[in-house]
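*Asks:* Right, I'll just put the structure down here and ask away after.
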Amino acid sequence: MKPLFRPVLLAMVCGLTLGYLFYMLAPHIHESREAYETAQLHAVHGLTHVYLEKQNDSTYLIRSMTDDKLLGQIRTAETATGYNGRISAWVGVDNDKKILGVRVREHRETPGLGDKIDRQVSNWIDQFKGLSLKKSDESDLLLRRNGGRIDQITGATITSRAMVRLVINSNAGSNEPSGGLPRNGKG
Amino acid sequence: MERVSTNYKQLAAEGLWHRNPAIVGMLGICPLLAVSTDLATSIGLGIATLFVLILSNGVISLIRHQIDSNTRIPVQIMVIATAVTVVDLVLQAWYFELHQKAGLFIALIVTNCVLLARAEVFARHQPVHLAMYDGLMSGLGFLLVLTTIGGFRELLGQGTLMSGISVLWSINDTTGNNTPAGLRLFDQGFLLMLMPPGAFLCMGFIVAGKNFIDRHIRQGERQVLTARINVRQLN
């Protein structure tokens, strides 16, 4: 047992060091994550002079800064059909269910191929912009080979399909447009 | 055992060129080929690896008299894993975007054989300052190859350079639109370069280039030598 004493001691030292470091850095990490998320959210709608009102964990309302009018909303959407599992994204729609933008939050797609769904890697995701999420127009949202208007990512069919499914999924749950009536926002 | 030099100049020359961990040692190929799709991420991961290498080499050298030769591998891995986690946490705190982009590969630095190789061959026999210097030079050698491949692949594959610069320096973008920055040299890229085969091709060309230069130098030396012998014979 003697030769194991020092490695065990070292393991404890390593563990304590990391624990302490994490304790020190946790607020910073939280802050960075929040800042990153906010920037991502504003990138989804691409509108100016608007603010976001958090409705719940998965929905943000987009309101005009001038008259608090509801301009649309941003919803989370998820799919488990990505090439490497779960993909989650924000989908922004205006009051007429026209897509304002889609941004991937988390994914584990293959670097160099499937990661093109990330706006920082390529602007592939911009194809969804301007298409309608209405049930009647849903066929537009399919890949071109399935009769839709989305060009798939070369070499990443599964990822492309998953994104299409994700965007269509974002519509489920609220079949009726949430309405253009302004809610009583906090201002 | 490999003969090791303990002279600063020699260590630098070896780390950067003669036994460059990536193109001579062929170590750490997995992150090297996977992350090198663009220059900015390559630089980020290269610097992360560099820091881990200096840190782990330093600590392993520091505890070298306490390490039992039977348990040295797990001990070294433990130190390396700790160093990687430290860098991972720091990146999460201050370079969140980079962490988002290269996340998986930062954790995978643990399995980068460059680290274990330097610990095993060098750090566990040498004093701290030399071990850290060796870590610096090997890390720079790795960074050099990583950025070269990253630069080539981004340029040929997308026609841009440093398009992901925002992961390293946060550019003040008020609209939050994440517009790709950096140089755009041409529009349509050569897709193959962005795919895994492109990484292997790049790597192959770089290794070939290095060998070509080495042979050139050696031939030059030989010519000088024969010339000297000839002069001596004439005399």
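Each chain in the structure tokens gets a letter, A, B, ..., in the order shown, and its residues are numbered from 1; ligands are numbered from 1 in order too.
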Do me a favour and pick out the residues of chain B within 10 Å of chain A, using only C-alpha atoms, as a CSV table (one decimal) with all heavy atoms, in the first residue's frame.

*Replies:*
chain,number,residue,atom,x,y,z
B,34,ALA,N,-8.5,17.9,-36.1
B,34,ALA,CA,-9.9,18.1,-36.0
B,34,ALA,C,-10.2,19.6,-35.8
B,34,ALA,O,-11.2,20.1,-36.3
B,34,ALA,CB,-10.4,17.4,-34.7
B,35,VAL,N,-9.3,20.4,-35.1
B,35,VAL,CA,-9.6,21.7,-34.8
B,35,VAL,C,-9.1,22.7,-35.9
B,35,VAL,O,-9.5,23.9,-35.9
B,35,VAL,CB,-9.0,22.1,-33.4
B,35,VAL,CG1,-9.3,23.5,-33.0
B,35,VAL,CG2,-9.6,21.2,-32.4
B,36,SER,N,-8.2,22.2,-36.7
B,36,SER,CA,-7.5,23.2,-37.6
B,36,SER,C,-8.4,23.6,-38.8
B,36,SER,O,-7.8,23.9,-39.9
B,36,SER,CB,-6.2,22.6,-38.1
B,36,SER,OG,-6.5,21.3,-38.8
B,37,THR,N,-9.7,23.7,-38.6
B,37,THR,CA,-10.5,24.2,-39.8
B,37,THR,C,-10.4,25.7,-39.9
B,37,THR,O,-10.7,26.2,-41.0
B,37,THR,CB,-12.0,23.8,-39.6
B,37,THR,OG1,-12.4,24.1,-38.3
B,37,THR,CG2,-12.2,22.3,-39.9
B,38,ASP,N,-10.1,26.4,-38.9
B,38,ASP,CA,-9.9,27.9,-39.1
B,38,ASP,C,-8.8,28.4,-38.2
B,38,ASP,O,-8.5,27.8,-37.1
B,38,ASP,CB,-11.2,28.7,-39.0
B,38,ASP,CG,-11.7,28.8,-37.5
B,38,ASP,OD1,-12.1,27.7,-37.0
B,38,ASP,OD2,-11.6,29.9,-37.0
B,63,ILE,N,7.7,17.6,-8.7
B,63,ILE,CA,7.5,16.5,-7.8
B,63,ILE,C,8.2,15.3,-8.3
B,63,ILE,O,7.9,14.1,-7.9
B,63,ILE,CB,6.0,16.1,-7.7
B,63,ILE,CG1,5.4,15.8,-9.1
B,63,ILE,CG2,5.2,17.2,-7.0
B,63,ILE,CD1,4.0,15.3,-9.0
B,66,GLN,N,9.5,12.7,-5.8
B,66,GLN,CA,8.4,12.0,-5.1
B,66,GLN,C,7.7,10.9,-5.9
B,66,GLN,O,7.0,10.1,-5.4
B,66,GLN,CB,7.4,13.0,-4.6
B,66,GLN,CG,7.6,13.6,-3.2
B,66,GLN,CD,8.8,14.6,-3.2
B,66,GLN,OE1,8.7,15.5,-4.0
B,66,GLN,NE2,9.7,14.4,-2.3
B,67,ILE,N,7.9,11.0,-7.3
B,67,ILE,CA,7.2,10.1,-8.1
B,67,ILE,C,7.9,8.7,-8.1
B,67,ILE,O,9.1,8.6,-8.3
B,67,ILE,CB,7.1,10.6,-9.6
B,67,ILE,CG1,6.4,11.9,-9.6
B,67,ILE,CG2,6.4,9.6,-10.5
B,67,ILE,CD1,6.3,12.5,-11.0
B,68,ASP,N,7.1,7.7,-7.8
B,68,ASP,CA,7.6,6.3,-7.8
B,68,ASP,C,7.5,5.9,-9.2
B,68,ASP,O,6.5,6.1,-9.9
B,68,ASP,CB,6.6,5.5,-6.9
B,68,ASP,CG,7.1,4.1,-6.8
B,68,ASP,OD1,8.1,3.9,-6.1
B,68,ASP,OD2,6.5,3.2,-7.4
B,69,SER,N,8.6,5.2,-9.7
B,69,SER,CA,8.6,4.8,-11.1
B,69,SER,C,7.5,3.8,-11.5
B,69,SER,O,7.1,3.8,-12.7
B,69,SER,CB,9.9,4.3,-11.5
B,69,SER,OG,10.1,3.0,-10.9
B,70,ASN,N,7.0,3.1,-10.5
B,70,ASN,CA,5.9,2.2,-10.9
B,70,ASN,C,4.5,2.9,-11.1
B,70,ASN,O,3.7,2.4,-11.9
B,70,ASN,CB,5.7,1.2,-9.7
B,70,ASN,CG,6.8,0.2,-9.6
B,70,ASN,OD1,7.3,-0.3,-10.6
B,70,ASN,ND2,7.2,-0.1,-8.4
B,71,THR,N,4.3,4.0,-10.4
B,71,THR,CA,3.0,4.7,-10.5
B,71,THR,C,3.1,6.0,-11.3
B,71,THR,O,2.3,6.8,-11.2
B,71,THR,CB,2.5,5.0,-9.1
B,71,THR,OG1,3.5,5.7,-8.4
B,71,THR,CG2,2.1,3.7,-8.4
B,72,ARG,N,4.3,6.1,-12.0
B,72,ARG,CA,4.5,7.4,-12.6
B,72,ARG,C,3.5,7.8,-13.7
B,72,ARG,O,3.1,9.0,-13.8
B,72,ARG,CB,5.9,7.5,-13.2
B,72,ARG,CG,6.2,6.6,-14.4
B,72,ARG,CD,7.5,6.9,-14.9
B,72,ARG,NE,7.7,6.3,-16.3
B,72,ARG,CZ,8.0,5.0,-16.4
B,72,ARG,NH1,8.2,4.2,-15.4
B,72,ARG,NH2,8.1,4.5,-17.7
B,74,PRO,N,0.1,7.0,-14.1
B,74,PRO,CA,-1.1,7.6,-13.5
B,74,PRO,C,-0.9,9.0,-12.9
B,74,PRO,O,-1.7,9.9,-13.0
B,74,PRO,CB,-1.6,6.6,-12.5
B,74,PRO,CG,-0.7,5.5,-12.5
B,74,PRO,CD,0.3,5.7,-13.6
B,75,VAL,N,0.2,9.1,-12.2
B,75,VAL,CA,0.5,10.4,-11.5
B,75,VAL,C,0.7,11.5,-12.6
B,75,VAL,O,0.1,12.6,-12.5
B,75,VAL,CB,1.8,10.3,-10.7
B,75,VAL,CG1,2.3,11.6,-10.3
B,75,VAL,CG2,1.5,9.5,-9.4
B,76,GLN,N,1.4,11.2,-13.7
B,76,GLN,CA,1.6,12.2,-14.7
B,76,GLN,C,0.2,12.6,-15.4
B,76,GLN,O,0.0,13.7,-15.6
B,76,GLN,CB,2.5,11.7,-15.8
B,76,GLN,CG,4.0,11.7,-15.3
B,76,GLN,CD,4.9,10.8,-16.1
B,76,GLN,OE1,4.5,10.2,-17.1
B,76,GLN,NE2,6.1,10.8,-15.7
B,78,MET,N,-2.6,12.4,-14.0
B,78,MET,CA,-3.4,13.2,-13.0
B,78,MET,C,-3.0,14.7,-13.1
B,78,MET,O,-3.8,15.6,-13.1
B,78,MET,CB,-3.2,12.6,-11.6
B,78,MET,CG,-4.2,13.0,-10.6
B,78,MET,SD,-4.3,11.7,-9.4
B,78,MET,CE,-2.7,11.7,-8.7
B,79,VAL,N,-1.7,14.9,-13.1
B,79,VAL,CA,-1.2,16.3,-13.2
B,79,VAL,C,-1.6,16.9,-14.5
B,79,VAL,O,-2.1,18.1,-14.5
B,79,VAL,CB,0.4,16.3,-13.1
B,79,VAL,CG1,0.9,17.7,-13.3
B,79,VAL,CG2,0.8,15.8,-11.7
B,81,ALA,N,-4.2,16.1,-16.3
B,81,ALA,CA,-5.7,16.4,-16.3
B,81,ALA,C,-6.0,17.6,-15.5
B,81,ALA,O,-6.9,18.4,-15.8
B,81,ALA,CB,-6.4,15.1,-15.8
B,82,THR,N,-5.3,17.8,-14.4
B,82,THR,CA,-5.5,18.9,-13.5
B,82,THR,C,-5.2,20.2,-14.3
B,82,THR,O,-6.0,21.2,-14.3
B,82,THR,CB,-4.7,18.9,-12.2
B,82,THR,OG1,-4.9,17.6,-11.6
B,82,THR,CG2,-5.1,19.9,-11.3
B,83,ALA,N,-4.1,20.2,-15.0
B,83,ALA,CA,-3.7,21.4,-15.7
B,83,ALA,C,-4.7,21.7,-16.8
B,83,ALA,O,-5.0,22.9,-17.0
B,83,ALA,CB,-2.3,21.2,-16.3
B,85,THR,N,-7.9,21.0,-16.8
B,85,THR,CA,-9.1,21.5,-16.2
B,85,THR,C,-8.9,22.9,-15.8
B,85,THR,O,-9.9,23.7,-15.9
B,85,THR,CB,-9.5,20.6,-15.0
B,85,THR,OG1,-9.4,19.3,-15.3
B,85,THR,CG2,-10.9,20.9,-14.6
B,86,VAL,N,-7.7,23.3,-15.3
B,86,VAL,CA,-7.5,24.7,-14.9
B,86,VAL,C,-7.7,25.6,-16.2
B,86,VAL,O,-8.4,26.6,-16.1
B,86,VAL,CB,-6.0,24.8,-14.4
B,86,VAL,CG1,-5.6,26.3,-14.3
B,86,VAL,CG2,-5.9,24.2,-13.0
B,89,LEU,N,-11.3,25.9,-17.2
B,89,LEU,CA,-12.1,26.8,-16.3
B,89,LEU,C,-11.8,28.2,-16.7
B,89,LEU,O,-12.7,29.1,-16.7
B,89,LEU,CB,-11.8,26.5,-14.8
B,89,LEU,CG,-12.4,25.2,-14.3
B,89,LEU,CD1,-11.9,25.0,-12.9
B,89,LEU,CD2,-14.0,25.3,-14.3
B,90,VAL,N,-10.5,28.5,-16.9
B,90,VAL,CA,-10.1,29.9,-17.2
B,90,VAL,C,-10.7,30.3,-18.5
B,90,VAL,O,-11.2,31.4,-18.6
B,90,VAL,CB,-8.6,30.0,-17.2
B,90,VAL,CG1,-8.1,31.3,-17.8
B,90,VAL,CG2,-8.0,29.8,-15.8
B,91,LEU,N,-10.7,29.4,-19.5
B,91,LEU,CA,-11.3,29.7,-20.8
B,91,LEU,C,-12.8,30.0,-20.6
B,91,LEU,O,-13.4,30.9,-21.2
B,91,LEU,CB,-11.1,28.6,-21.8
B,91,LEU,CG,-9.7,28.5,-22.4
B,91,LEU,CD1,-9.6,27.4,-23.3
B,91,LEU,CD2,-9.4,29.8,-23.1
B,92,GLN,N,-13.5,29.2,-19.8
B,92,GLN,CA,-14.9,29.4,-19.6
B,92,GLN,C,-15.2,30.7,-19.0
B,92,GLN,O,-16.2,31.3,-19.3
B,92,GLN,CB,-15.4,28.3,-18.7
B,92,GLN,CG,-15.9,27.0,-19.4
B,92,GLN,CD,-16.6,26.1,-18.5
B,92,GLN,OE1,-17.6,26.5,-17.8
B,92,GLN,NE2,-16.2,24.9,-18.4
B,93,ALA,N,-14.3,31.2,-18.1
B,93,ALA,CA,-14.5,32.4,-17.4
B,93,ALA,C,-14.3,33.6,-18.3
B,93,ALA,O,-15.0,34.6,-18.2
B,93,ALA,CB,-13.7,32.5,-16.1
B,94,TRP,N,-13.2,33.6,-19.1
B,94,TRP,CA,-12.9,34.8,-19.9
B,94,TRP,C,-13.0,34.6,-21.4
B,94,TRP,O,-13.0,35.6,-22.1
B,94,TRP,CB,-11.5,35.3,-19.5
B,94,TRP,CG,-11.6,35.9,-18.1
B,94,TRP,CD1,-12.1,37.1,-17.8
B,94,TRP,CD2,-11.0,35.4,-16.9
B,94,TRP,NE1,-12.0,37.3,-16.5
B,94,TRP,CE2,-11.3,36.3,-15.9
B,94,TRP,CE3,-10.4,34.2,-16.5
B,94,TRP,CZ2,-11.0,36.1,-14.5
B,94,TRP,CZ3,-10.0,34.0,-15.2
B,94,TRP,CH2,-10.3,35.0,-14.2
B,95,TYR,N,-12.9,33.4,-21.9
B,95,TYR,CA,-13.0,33.2,-23.4
B,95,TYR,C,-14.2,32.3,-23.7
B,95,TYR,O,-13.9,31.2,-24.3
B,95,TYR,CB,-11.7,32.7,-23.9
B,95,TYR,CG,-10.6,33.7,-23.8
B,95,TYR,CD1,-9.8,33.8,-22.7
B,95,TYR,CD2,-10.4,34.7,-24.8
B,95,TYR,CE1,-8.8,34.7,-22.6
B,95,TYR,CE2,-9.4,35.6,-24.8
B,95,TYR,CZ,-8.6,35.6,-23.6
B,95,TYR,OH,-7.6,36.6,-23.6
B,96,PHE,N,-15.4,32.7,-23.2
B,96,PHE,CA,-16.5,31.7,-23.3
B,96,PHE,C,-16.8,31.3,-24.8
B,96,PHE,O,-17.1,30.2,-25.0
B,96,PHE,CB,-17.7,32.4,-22.7
B,96,PHE,CG,-18.8,31.4,-22.4
B,96,PHE,CD1,-18.7,30.6,-21.3
B,96,PHE,CD2,-19.9,31.2,-23.3
B,96,PHE,CE1,-19.6,29.6,-21.0
B,96,PHE,CE2,-20.8,30.2,-23.0
B,96,PHE,CZ,-20.7,29.5,-21.9
B,97,GLU,N,-16.6,32.3,-25.7
B,97,GLU,CA,-16.9,31.9,-27.1
B,97,GLU,C,-15.9,30.9,-27.6
B,97,GLU,O,-16.4,30.0,-28.3
B,97,GLU,CB,-16.7,33.2,-27.9
B,97,GLU,CG,-18.1,33.8,-28.3
B,97,GLU,CD,-17.8,34.9,-29.4
B,97,GLU,OE1,-17.5,36.0,-28.9
B,97,GLU,OE2,-18.0,34.7,-30.6
B,100,GLN,N,-16.9,27.6,-26.3
B,100,GLN,CA,-18.1,27.1,-27.0
B,100,GLN,C,-17.6,26.4,-28.3
B,100,GLN,O,-18.2,25.4,-28.7
B,100,GLN,CB,-19.1,28.2,-27.3
B,100,GLN,CG,-19.9,28.7,-26.1
B,100,GLN,CD,-20.9,27.7,-25.8
B,100,GLN,OE1,-21.6,27.1,-26.7
B,100,GLN,NE2,-21.1,27.4,-24.5
B,101,LYS,N,-16.6,27.0,-28.9
B,101,LYS,CA,-16.3,26.5,-30.3
B,101,LYS,C,-15.3,25.3,-30.2
B,101,LYS,O,-15.5,24.4,-31.0
B,101,LYS,CB,-15.6,27.7,-31.0
B,101,LYS,CG,-15.9,27.7,-32.5
B,101,LYS,CD,-15.5,29.0,-33.1
B,101,LYS,CE,-15.5,28.8,-34.6
B,101,LYS,NZ,-15.0,30.0,-35.3
B,102,ALA,N,-14.4,25.4,-29.3
B,102,ALA,CA,-13.4,24.3,-29.3
B,102,ALA,C,-13.6,23.4,-28.1
B,102,ALA,O,-12.7,22.7,-27.7
B,102,ALA,CB,-12.0,24.9,-29.3
B,103,GLY,N,-14.7,23.6,-27.4
B,103,GLY,CA,-15.0,23.0,-26.1
B,103,GLY,C,-14.5,21.5,-25.9
B,103,GLY,O,-13.7,21.3,-25.1
B,104,LEU,N,-15.0,20.7,-26.8
B,104,LEU,CA,-14.7,19.2,-26.6
B,104,LEU,C,-13.2,19.0,-26.7
B,104,LEU,O,-12.6,18.2,-26.0
B,104,LEU,CB,-15.4,18.5,-27.7
B,104,LEU,CG,-15.1,17.0,-27.7
B,104,LEU,CD1,-15.7,16.3,-26.5
B,104,LEU,CD2,-15.8,16.4,-29.0
B,158,GLN,N,-12.3,28.3,-47.2
B,158,GLN,CA,-13.3,29.3,-47.2
B,158,GLN,C,-12.9,30.6,-47.9
B,158,GLN,O,-13.8,31.5,-48.1
B,158,GLN,CB,-13.7,29.7,-45.7
B,158,GLN,CG,-14.1,28.5,-44.8
B,158,GLN,CD,-14.4,29.0,-43.4
B,158,GLN,OE1,-14.9,30.1,-43.2
B,158,GLN,NE2,-14.0,28.3,-42.4
B,163,SER,N,-11.4,34.5,-39.7
B,163,SER,CA,-12.8,34.9,-39.8
B,163,SER,C,-13.4,34.7,-38.4
B,163,SER,O,-14.4,35.4,-38.0
B,163,SER,CB,-13.6,34.1,-40.8
B,163,SER,OG,-13.5,32.7,-40.4
B,164,GLY,N,-12.9,33.9,-37.6
B,164,GLY,CA,-13.4,33.6,-36.2
B,164,GLY,C,-12.7,34.4,-35.2
B,164,GLY,O,-12.7,34.0,-34.0
B,166,SER,N,-13.4,36.8,-33.4
B,166,SER,CA,-14.2,37.2,-32.3
B,166,SER,C,-14.0,36.2,-31.1
B,166,SER,O,-14.3,36.5,-30.0
B,166,SER,CB,-15.6,37.3,-32.6
B,166,SER,OG,-16.2,36.1,-33.0
B,167,VAL,N,-13.6,35.0,-31.4
B,167,VAL,CA,-13.4,34.0,-30.3
B,167,VAL,C,-12.2,34.4,-29.4
B,167,VAL,O,-12.1,34.0,-28.3
B,167,VAL,CB,-13.3,32.5,-30.7
B,167,VAL,CG1,-14.5,32.1,-31.5
B,167,VAL,CG2,-12.1,32.3,-31.5
B,173,ASP,N,-19.6,44.4,-30.9
B,173,ASP,CA,-20.6,44.3,-32.0
B,173,ASP,C,-22.0,44.6,-31.3
B,173,ASP,O,-22.6,43.8,-30.7
B,173,ASP,CB,-20.6,42.9,-32.6
B,173,ASP,CG,-21.5,42.8,-33.8
B,173,ASP,OD1,-22.2,43.8,-34.1
B,173,ASP,OD2,-21.4,41.8,-34.5
B,174,THR,N,-22.4,45.9,-31.5
B,174,THR,CA,-23.6,46.3,-30.7
B,174,THR,C,-24.9,45.6,-31.2
B,174,THR,O,-25.8,45.3,-30.4
B,174,THR,CB,-23.8,47.8,-30.9
B,174,THR,OG1,-23.6,48.2,-32.2
B,174,THR,CG2,-22.9,48.6,-30.0
B,175,THR,N,-24.9,45.2,-32.5
B,175,THR,CA,-26.1,44.5,-32.9
B,175,THR,C,-26.1,43.1,-32.5
B,175,THR,O,-27.1,42.4,-32.6
B,175,THR,CB,-26.3,44.6,-34.4
B,175,THR,OG1,-25.1,44.0,-35.0
B,175,THR,CG2,-26.4,46.0,-34.9
B,176,GLY,N,-25.0,42.6,-32.0
B,176,GLY,CA,-24.8,41.2,-31.6
B,176,GLY,C,-25.0,40.3,-32.8
B,176,GLY,O,-25.4,39.1,-32.6
B,177,ASN,N,-24.7,40.8,-34.0
B,177,ASN,CA,-25.0,40.0,-35.2
B,177,ASN,C,-23.9,38.9,-35.5
B,177,ASN,O,-24.1,38.1,-36.4
B,177,ASN,CB,-25.3,40.9,-36.3
B,177,ASN,CG,-26.5,40.5,-37.1
B,177,ASN,OD1,-27.0,39.3,-36.9
B,177,ASN,ND2,-27.1,41.4,-37.8
B,178,ASN,N,-22.8,39.0,-34.8
B,178,ASN,CA,-21.7,38.0,-35.1
B,178,ASN,C,-21.4,38.0,-36.5
B,178,ASN,O,-21.2,36.9,-37.1
B,178,ASN,CB,-22.1,36.6,-34.6
B,178,ASN,CG,-22.3,36.5,-33.1
B,178,ASN,OD1,-21.7,37.4,-32.4
B,178,ASN,ND2,-23.0,35.6,-32.7
B,179,THR,N,-21.2,39.1,-37.2
B,179,THR,CA,-20.8,39.1,-38.6
B,179,THR,C,-19.4,38.6,-38.7
B,179,THR,O,-18.6,39.0,-37.9
B,179,THR,CB,-20.9,40.5,-39.2
B,179,THR,OG1,-20.5,41.4,-38.1
B,179,THR,CG2,-22.3,40.9,-39.7
B,180,PRO,N,-19.2,37.6,-39.6
B,180,PRO,CA,-17.8,37.1,-39.7
B,180,PRO,C,-16.8,38.2,-40.0
B,180,PRO,O,-17.1,39.1,-40.9
B,180,PRO,CB,-17.9,36.2,-40.9
B,180,PRO,CG,-19.4,35.8,-40.9
B,180,PRO,CD,-20.1,37.0,-40.5
B,181,ALA,N,-15.8,38.3,-39.2
B,181,ALA,CA,-14.8,39.4,-39.4
B,181,ALA,C,-13.6,38.8,-40.1
B,181,ALA,O,-13.7,37.7,-40.7
B,181,ALA,CB,-14.4,39.9,-38.0
B,191,LEU,N,-13.9,23.0,-50.8
B,191,LEU,CA,-14.5,22.3,-49.6
B,191,LEU,C,-13.7,21.2,-49.0
B,191,LEU,O,-13.7,21.0,-47.8
B,191,LEU,CB,-15.9,21.8,-50.0
B,191,LEU,CG,-16.7,21.3,-48.8
B,191,LEU,CD1,-17.2,22.4,-47.9
B,191,LEU,CD2,-17.9,20.5,-49.3
B,192,LEU,N,-13.0,20.5,-49.9
B,192,LEU,CA,-12.2,19.3,-49.4
B,192,LEU,C,-11.3,19.7,-48.3
B,192,LEU,O,-11.1,19.0,-47.3
B,192,LEU,CB,-11.4,18.8,-50.6
B,192,LEU,CG,-10.5,17.6,-50.2
B,192,LEU,CD1,-11.4,16.3,-49.9
B,192,LEU,CD2,-9.5,17.3,-51.3
B,193,MET,N,-10.7,20.9,-48.3
B,193,MET,CA,-9.8,21.4,-47.3
B,193,MET,C,-10.4,21.5,-45.9
B,193,MET,O,-9.7,21.3,-44.9
B,193,MET,CB,-9.2,22.7,-47.7
B,193,MET,CG,-8.3,22.7,-48.9
B,193,MET,SD,-7.2,21.3,-49.0
B,193,MET,CE,-5.9,21.8,-47.8
B,194,LEU,N,-11.7,21.7,-45.9
B,194,LEU,CA,-12.4,21.8,-44.6
B,194,LEU,C,-12.7,20.5,-44.0
B,194,LEU,O,-13.0,20.3,-42.8
B,194,LEU,CB,-13.6,22.7,-44.7
B,194,LEU,CG,-13.4,24.2,-45.0
B,194,LEU,CD1,-14.7,24.9,-45.0
B,194,LEU,CD2,-12.5,24.8,-43.9
B,195,MET,N,-12.8,19.5,-44.9
B,195,MET,CA,-13.2,18.2,-44.5
B,195,MET,C,-11.9,17.4,-44.0
B,195,MET,O,-10.8,17.8,-44.3
B,195,MET,CB,-13.9,17.4,-45.6
B,195,MET,CG,-15.1,18.2,-46.1
B,195,MET,SD,-16.4,17.1,-46.5
B,195,MET,CE,-16.3,17.1,-48.3
B,196,PRO,N,-12.1,16.3,-43.2
B,196,PRO,CA,-11.0,15.6,-42.7
B,196,PRO,C,-9.9,15.3,-43.7
B,196,PRO,O,-8.7,15.5,-43.3
B,196,PRO,CB,-11.6,14.3,-42.1
B,196,PRO,CG,-13.0,14.8,-41.7
B,196,PRO,CD,-13.4,15.8,-42.7

*Asks:* Using only C-alpha atoms, which protein or nucleic acid residues come within 7 Å of Ser132 of chain A? Drop anything in the same chain fewer than 6 positions from it, and give the result as a PDB file with all heavy atoms, in the first residue's frame.

*Replies:*
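Result file follows (result.pdb):
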ATOM      1  N   LYS A  97     -45.715  34.857 -37.974  1.00  0.00           N
ATOM      2  CA  LYS A  97     -45.037  33.557 -38.024  1.00  0.00           C
ATOM      3  C   LYS A  97     -43.944  33.493 -39.080  1.00  0.00           C
ATOM      4  O   LYS A  97     -43.562  32.423 -39.549  1.00  0.00           O
ATOM      5  CB  LYS A  97     -46.047  32.418 -38.259  1.00  0.00           C
ATOM      6  CG  LYS A  97     -46.971  32.212 -37.092  1.00  0.00           C
ATOM      7  CD  LYS A  97     -47.160  30.760 -36.870  1.00  0.00           C
ATOM      8  CE  LYS A  97     -47.474  30.464 -35.435  1.00  0.00           C
ATOM      9  NZ  LYS A  97     -47.452  29.049 -35.168  1.00  0.00           N
ATOM     10  N   LYS A  98     -43.464  34.642 -39.508  1.00  0.00           N
ATOM     11  CA  LYS A  98     -42.334  34.646 -40.420  1.00  0.00           C
ATOM     12  C   LYS A  98     -41.071  34.512 -39.569  1.00  0.00           C
ATOM     13  O   LYS A  98     -40.948  35.162 -38.527  1.00  0.00           O
ATOM     14  CB  LYS A  98     -42.304  35.960 -41.207  1.00  0.00           C
ATOM     15  CG  LYS A  98     -41.626  35.835 -42.548  1.00  0.00           C
ATOM     16  CD  LYS A  98     -41.601  37.164 -43.258  1.00  0.00           C
ATOM     17  CE  LYS A  98     -40.464  37.986 -42.670  1.00  0.00           C
ATOM     18  NZ  LYS A  98     -40.276  39.294 -43.242  1.00  0.00           N
ATOM     19  N   ILE A  99     -40.158  33.663 -40.027  1.00  0.00           N
ATOM     20  CA  ILE A  99     -38.949  33.427 -39.225  1.00  0.00           C
ATOM     21  C   ILE A  99     -38.004  34.621 -39.317  1.00  0.00           C
ATOM     22  O   ILE A  99     -37.635  35.062 -40.407  1.00  0.00           O
ATOM     23  CB  ILE A  99     -38.239  32.138 -39.688  1.00  0.00           C
ATOM     24  CG1 ILE A  99     -39.154  30.936 -39.469  1.00  0.00           C
ATOM     25  CG2 ILE A  99     -36.918  31.946 -38.942  1.00  0.00           C
ATOM     26  CD1 ILE A  99     -38.600  29.630 -39.974  1.00  0.00           C
TER      27      ILE A  99
END

*Asks:* Measuring atom to atom with only C-alpha atoms, identify which of B:Lys210, B:Arg215, B:Arg232, B:His129 is nearest to Arg19 of chain B.

*Replies:*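 Once distances to Arg19 of chain B are computed over only C-alpha atoms, the minimum belongs to B:Lys210.
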
*Asks:* How far is it from atom CA of Val114 of chain B to atom CA of Arg153 of chain B, in Å with one decimal?

*Replies:*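 Value for the atom CA of Val114 of chain B-atom CA of Arg153 of chain B distance: 22.6 Å.
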
*Asks:* Find the residues near segment 68-80 of chain A: any atom within 8 Å, counting only C-alpha atoms, skip ones fewer than 6 places away on the same chain, and give them as a VMD selection string.

*Replies:* chain A and resid 41 44 to 45 58 to 62 86 to 95 162 to 163 165 to 167 169 to 170 180 to 183 185 187

*Asks:* In terms of the shortest atom-to-atom distance over only C-alpha atoms, which of B:Gly151, B:Gly159, B:Gly135, B:Gly28 is closest to Gly58 of chain B?

*Replies:* B:Gly135

*Asks:* Env of Glu138 of chain A: 10 Å cut, atoms = only C-alpha atoms, seq-sep filter 5 positions within chain, self excluded. Answer as a PyMOL selection string.

*Replies:* chain A and resi 131-133+148+167-168+171

*Asks:* Using only C-alpha atoms, which residues sit within 12 Å of Gly204 of chain B once same-chain residues fewer than 4 positions away are excluded, as a list in words?

*Replies:* Ala22, Ile23, Val24, Met26, Ile29, Leu33, Val145, Ile149, Pro197, Gly198, Ala199, Phe200, Ala208, Gly209, Lys210 and Asn211 of chain B

*Asks:* With C-alpha atoms kept, could you save the residues just selected as an mmCIF file, in the first residue's frame?

*Replies:*
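Output file part-v7.cif is given in full below:
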data_model
loop_
_atom_site.group_PDB
_atom_site.id
_atom_site.type_symbol
_atom_site.label_atom_id
_atom_site.label_comp_id
_atom_site.auth_asym_id
_atom_site.auth_seq_id
_atom_site.Cartn_x
_atom_site.Cartn_y
_atom_site.Cartn_z
ATOM 1 C CA ALA B 22 3.474 17.384 -34.363
ATOM 2 C CA ILE B 23 5.369 16.825 -37.592
ATOM 3 C CA VAL B 24 8.276 14.699 -36.389
ATOM 4 C CA MET B 26 3.413 12.729 -35.026
ATOM 5 C CA ILE B 29 -2.669 14.385 -34.366
ATOM 6 C CA LEU B 33 -6.445 17.660 -37.498
ATOM 7 C CA VAL B 145 2.115 23.504 -36.967
ATOM 8 C CA ILE B 149 -2.501 23.947 -41.024
ATOM 9 C CA PRO B 197 -9.070 14.574 -45.831
ATOM 10 C CA GLY B 198 -7.966 18.180 -46.232
ATOM 11 C CA ALA B 199 -6.344 18.041 -42.836
ATOM 12 C CA PHE B 200 -4.380 14.937 -43.773
ATOM 13 C CA ALA B 208 7.163 16.627 -46.891
ATOM 14 C CA GLY B 209 8.182 20.286 -46.872
ATOM 15 C CA LYS B 210 10.084 19.882 -43.630
ATOM 16 C CA ASN B 211 11.897 16.795 -44.887
#
